[in-house]
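Everything on this sheet refers to the single structure shown next.
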Amino acid sequence: MAAEAVAAVEIRGALARLRRGTGLPVAFGGLVESGRPQIRISELSGTTTAALSSLAVTAGNGLGGKAVTLGRPCAVMDYPSSRHISHEYDVPVAAEGIRSVLAVPVVVRRRVRGVLYGALRSAQPLGDRTLDAAVAAARDVEQALVVRDEARALLASAGPEMAAGAKRADGADGTGGWEQVREAHAALRALAPRIADPALRADLLAACGLLTAPHPAAGTSLAPRELDVLSWVAAGATNAAVGERLCLRPETVKGYLRSAMRKLGAHTRGEAVTAARRAGLLP
């Protein structure tokens, strides 16, 4: 799935959560177009017309354009009469019949990637709770986009060159390359459960497969979470560090590790890692 389509899915979900959490009847949003200083409104929730669909909002213009330029949430109680915004988009706004509007930018690494809007069909204050909920929805999108950006960067780093290096028989070359391979493998596996999009998650796990043996030893298998834990152990992480990476309690990490050791017939962490590598489960 293209990056823009993936981001649009995240915005769509955030708009639904925004409406559920605030009771706002209307929500819409879109992404900043690549190479252009404008937002393209692509996702609508609760609208009754197509007036806002595919509307291009230029940075600095209207409420959303102001939010893009300032990089912070903006709101007006009565859009048509507000003196705090420009009015290039009054016609589509009036056609949809919305009056009180808020706009929250989606900011990733100091760059605005999109805008979420929420609106009422009457002129009244939106309130701090509504604005806080809209900001929280935007933060959800931001976090999801950060994870996806990291995933794509890791996928790029786990290309043919790294895969070829991972499969060399004489991996102990003293350059530290193997440790980078193992860290990349562990990071990919840690990211996979956080990816909602099935296609991208499958790509991540496929990249993990590039770094291990093409045909693991028959009869040797670990549960996904056991392999996640063991991947970080192989990269030199402590149980506490593994827990932080995987968002697990230390006791849970120990449980997965004990289970993996039992399945591999190992008595120590080191033996478990060695056995998993021999079985082709780890790079």
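By order of appearance in the structure tokens: chains A, B, ..., then residues from 1 within every chain, and ligands from 1 in the order shown.
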### Task
Please run DSSP on the backbone and report, as a PyMOL selection string, all residues within range 61-116 of chain A that come out as strand (DSSP E or B).
chain A and resi 74-76+100-108+111-116
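Residues in contact with range 139-142 of chain A at 8 Å, where only C-alpha atoms are counted and same-chain residues fewer than 5 positions away are skipped, are listed as Ala7, Glu10, Ile11, Ala14, Val106, Val107 and Val108 of chain A.
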### Query
Pick the closest to Val68 in chain A from A:Ser53, A:Leu116, A:Val26, A:Ser81: which is it, counting only C-alpha atoms?
A:Leu116
### Message
Report as a list in words all protein, DNA and RNA residues lying within 6 Å of Val32 in chain A, evaluated on only C-alpha atoms, omitting residues in the same chain fewer than 5 positions from it.
### Response
Gln38, Ile39, Arg113 and Gly114 of chain A
Any chance you could export the current selection's all heavy atoms as a PDB file, in the first residue's frame?
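In the end it all went to out.pdb:
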ATOM      1  N   GLN A  38      -0.070  22.719   0.234  1.00  0.00           N
ATOM      2  CA  GLN A  38      -1.507  22.651   0.412  1.00  0.00           C
ATOM      3  C   GLN A  38      -1.939  21.293   0.950  1.00  0.00           C
ATOM      4  O   GLN A  38      -1.242  20.295   0.811  1.00  0.00           O
ATOM      5  CB  GLN A  38      -2.235  22.928  -0.901  1.00  0.00           C
ATOM      6  CG  GLN A  38      -2.018  21.868  -1.970  1.00  0.00           C
ATOM      7  CD  GLN A  38      -2.724  22.195  -3.282  1.00  0.00           C
ATOM      8  OE1 GLN A  38      -2.924  23.366  -3.604  1.00  0.00           O
ATOM      9  NE2 GLN A  38      -3.118  21.181  -4.029  1.00  0.00           N
ATOM     10  N   ILE A  39      -3.104  21.297   1.593  1.00  0.00           N
ATOM     11  CA  ILE A  39      -3.731  20.078   2.094  1.00  0.00           C
ATOM     12  C   ILE A  39      -4.825  19.686   1.117  1.00  0.00           C
ATOM     13  O   ILE A  39      -5.550  20.545   0.597  1.00  0.00           O
ATOM     14  CB  ILE A  39      -4.411  20.326   3.459  1.00  0.00           C
ATOM     15  CG1 ILE A  39      -3.492  21.087   4.412  1.00  0.00           C
ATOM     16  CG2 ILE A  39      -4.903  19.037   4.083  1.00  0.00           C
ATOM     17  CD1 ILE A  39      -4.260  21.949   5.373  1.00  0.00           C
ATOM     18  N   ARG A 113       2.145  17.067   8.316  1.00  0.00           N
ATOM     19  CA  ARG A 113       1.829  16.034   7.330  1.00  0.00           C
ATOM     20  C   ARG A 113       0.339  16.003   6.980  1.00  0.00           C
ATOM     21  O   ARG A 113      -0.047  15.401   5.986  1.00  0.00           O
ATOM     22  CB  ARG A 113       2.243  14.665   7.888  1.00  0.00           C
ATOM     23  CG  ARG A 113       3.734  14.516   8.159  1.00  0.00           C
ATOM     24  CD  ARG A 113       4.494  14.076   6.948  1.00  0.00           C
ATOM     25  NE  ARG A 113       4.177  12.718   6.568  1.00  0.00           N
ATOM     26  CZ  ARG A 113       4.781  11.638   7.065  1.00  0.00           C
ATOM     27  NH1 ARG A 113       5.760  11.772   7.954  1.00  0.00           N
ATOM     28  NH2 ARG A 113       4.440  10.430   6.670  1.00  0.00           N
ATOM     29  N   GLY A 114      -0.483  16.621   7.787  1.00  0.00           N
ATOM     30  CA  GLY A 114      -1.916  16.606   7.519  1.00  0.00           C
ATOM     31  C   GLY A 114      -2.652  17.469   8.521  1.00  0.00           C
ATOM     32  O   GLY A 114      -2.049  18.075   9.410  1.00  0.00           O
TER      33      GLY A 114
END
